Amino acid sequence: MSSRRSRSRQSSSSRITEEQINDLVSKLQSLLPEARIRSNDRVSAAKVLQETCNYIRGLHREVDDLSERLSELLATTDMSSAQAAIIRSLLM
Amino acid sequence: MTATGSPGNPNPNLSKPMLVHHFLRALARVNRAAPKQSHARRSRRIRCAAYASMAAAAGPGRRWSRVLLRRLRSSPSSHRRRISVRVARPPRIATASSRVETLRRLVPGGRSLGYCSLLEETADYVRWLDAQVQLMQSLVDFFSS
């Protein structure tokens with residue numbers, strides 16, 4: 001079994017500053033889609049955390065749904081011949 | 001390459017080509033191995049492939065990706081529950097908020113992280129999750145056309 005020690009990623013001083021936390025919260029806020037939080041407003045950390053949780057749950061659900069749809073679609077597809085075309089269309 | 005997080009790094013590289021590579025390979029494997037499998041089983045395998053690809057593409061530099069890779073490599077088909085070993089936790093800021101606890105449950109490996117690290121891991125996880133969902137949507141669109 002692994003004996004990993006969790007190291008928190010922070011600056012060399014052991015004190016976590018308010019500013020560091022605010023920066024991280026802003027970074028999270030910037031990742032949320034526009035519809036959830038108006039990015040011009042300064043919202044509370046609590047709100048950002050709330051919306052982040054909702055957003056993650058939504059993304060998990062989308063992974064589930066899209067997995068189902070892909071499963072249906074793949075049943076009738078020959079992946080090997082489709083692959084090159086997929087890659088081209090996705091990366092161009 | 002691996003996105004190693006440091007507090008001053010705002011935009012770790014998110015490699016979409018790596019994501020595409022891993023996921024397409026996994027999809028081809030699912031398709032090859034089990035064309036006659038039940039829809040439920042196949043979609044579950046695809047779902048696992050999604051998280052495995054995400055974690056593989058993100059690399060081992062993140063707690064969430066390491067946790068996912070470990071989780072998904074140990075017989076995903078069995079529903080056996082892992083016995084989690086409690087690790088000594090770093091001293092935390094007293095943010096006794098249920099939202100933080102919810103976030104800890106939603107982000108793989110979030111339980112034993114300090115608050116700052118949790119926020120960093122969350123940002124990284126959300127970015128990759130977002131990219132994975134976009135990729136899957138593109139594939140659905142592609143196969144539907």
# chains A, B, ... in the order shown; residues from 1 in each chain; ligands from 1
call {"tool": "residues_around", "arguments": {"residues": "Ala123 of chain B", "least_positions_apart": "4", "cutoff": "9 Å", "atoms": "only C-alpha atoms", "output": "PyMOL selection string"}}
result
(chain A and resi 24+27-28+31) or (chain B and resi 118-119+127-128)
call {"tool": "atom_distance", "arguments": {"atom1": "atom CA of Val63 of chain A", "atom2": "atom CA of Ala57 of chain B"}}
result
16.5 Å
call {"tool": "residues_around", "arguments": {"residues": "Leu135 of chain B", "least_positions_apart": "6", "cutoff": "9 Å", "atoms": "only C-alpha atoms", "output": "ChimeraX atom specification"}}
result
/A:90 /B:16,19-20,23
call {"tool": "residues_around", "arguments": {"residues": "Leu139 of chain B", "least_positions_apart": "6", "cutoff": "10 Å", "atoms": "only C-alpha atoms", "output": "number ranges by chain"}}
result
A: 66, 69-70, 73, 86-87, 89-90; B: 20, 24, 133, 145
call {"tool": "write_last_selection", "arguments": {"atoms": "N, CA, C and O atoms", "output": "short mmCIF file (atom, residue, chain, number, x, y, z; two decimals), in the first residue's frame"}}
result
data_model
loop_
_atom_site.label_atom_id
_atom_site.label_comp_id
_atom_site.auth_asym_id
_atom_site.auth_seq_id
_atom_site.Cartn_x
_atom_site.Cartn_y
_atom_site.Cartn_z
N LEU A 66 -23.31 11.21 -21.82
CA LEU A 66 -22.55 11.08 -23.06
C LEU A 66 -22.00 9.67 -23.21
O LEU A 66 -21.87 9.18 -24.34
N ARG A 69 -24.81 7.69 -24.66
CA ARG A 69 -25.04 7.99 -26.08
C ARG A 69 -23.93 7.41 -26.95
O ARG A 69 -24.19 6.88 -28.02
N LEU A 70 -22.70 7.50 -26.47
CA LEU A 70 -21.59 6.94 -27.23
C LEU A 70 -21.74 5.43 -27.34
O LEU A 70 -21.43 4.84 -28.38
N LEU A 73 -24.18 4.78 -30.07
CA LEU A 73 -23.65 5.12 -31.39
C LEU A 73 -22.54 4.18 -31.82
O LEU A 73 -22.42 3.84 -32.99
N ILE A 86 -12.03 11.12 -37.35
CA ILE A 86 -12.36 11.78 -36.09
C ILE A 86 -11.24 12.70 -35.67
O ILE A 86 -11.45 13.86 -35.34
N ILE A 87 -10.03 12.14 -35.69
CA ILE A 87 -8.89 12.93 -35.23
C ILE A 87 -8.73 14.18 -36.06
O ILE A 87 -8.51 15.27 -35.55
N SER A 89 -11.03 15.81 -37.68
CA SER A 89 -12.08 16.79 -37.43
C SER A 89 -11.98 17.41 -36.04
O SER A 89 -12.36 18.55 -35.83
N LEU A 90 -11.42 16.67 -35.10
CA LEU A 90 -11.33 17.20 -33.75
C LEU A 90 -10.16 18.15 -33.56
O LEU A 90 -10.23 19.10 -32.79
N VAL B 20 -7.55 13.25 -26.47
CA VAL B 20 -8.11 12.58 -27.64
C VAL B 20 -7.45 11.22 -27.83
O VAL B 20 -8.12 10.20 -28.03
N LEU B 24 -9.78 7.93 -27.46
CA LEU B 24 -10.07 7.18 -28.68
C LEU B 24 -9.53 5.76 -28.59
O LEU B 24 -10.18 4.80 -29.02
N VAL B 133 -15.66 16.40 -21.29
CA VAL B 133 -17.07 16.49 -21.70
C VAL B 133 -17.17 17.07 -23.11
O VAL B 133 -17.94 16.57 -23.94
N SER B 145 -23.62 12.38 -37.17
CA SER B 145 -23.83 13.07 -38.45
C SER B 145 -23.91 12.08 -39.61
O SER B 145 -23.31 11.01 -39.54
#
call {"tool": "closest_residue", "arguments": {"among": "B:Arg29, B:Val140, B:Ala55, B:Ala131", "to": "chain A", "atoms": "only C-alpha atoms"}}
result
B:Val140
call {"tool": "interface_residues", "arguments": {"of": "chain B", "to": "chain A", "cutoff": "6 Å", "atoms": "only C-alpha atoms", "output": "PyMOL selection string"}}
result
chain B and resi 28+42-43+46-47+103+114+117+123
call {"tool": "atom_distance", "arguments": {"atom1": "atom CA of Ser144 of chain B", "atom2": "atom CA of Pro33 of chain A"}}
result
25.9 Å
call {"tool": "atom_distance", "arguments": {"atom1": "atom CA of Trp64 of chain B", "atom2": "atom CA of Val107 of chain B"}}
result
6.7 Å
call {"tool": "select_by_dssp", "arguments": {"residues": "segment 19-74 of chain A", "states": "alpha helix (DSSP H)", "output": "PyMOL selection string"}}
result
chain A and resi 19-31+45-74
call {"tool": "closest_residue", "arguments": {"among": "B:His22, B:Arg70, B:Arg62, B:Lys36", "to": "Ala49 of chain B", "atoms": "only C-alpha atoms"}}
result
B:His22
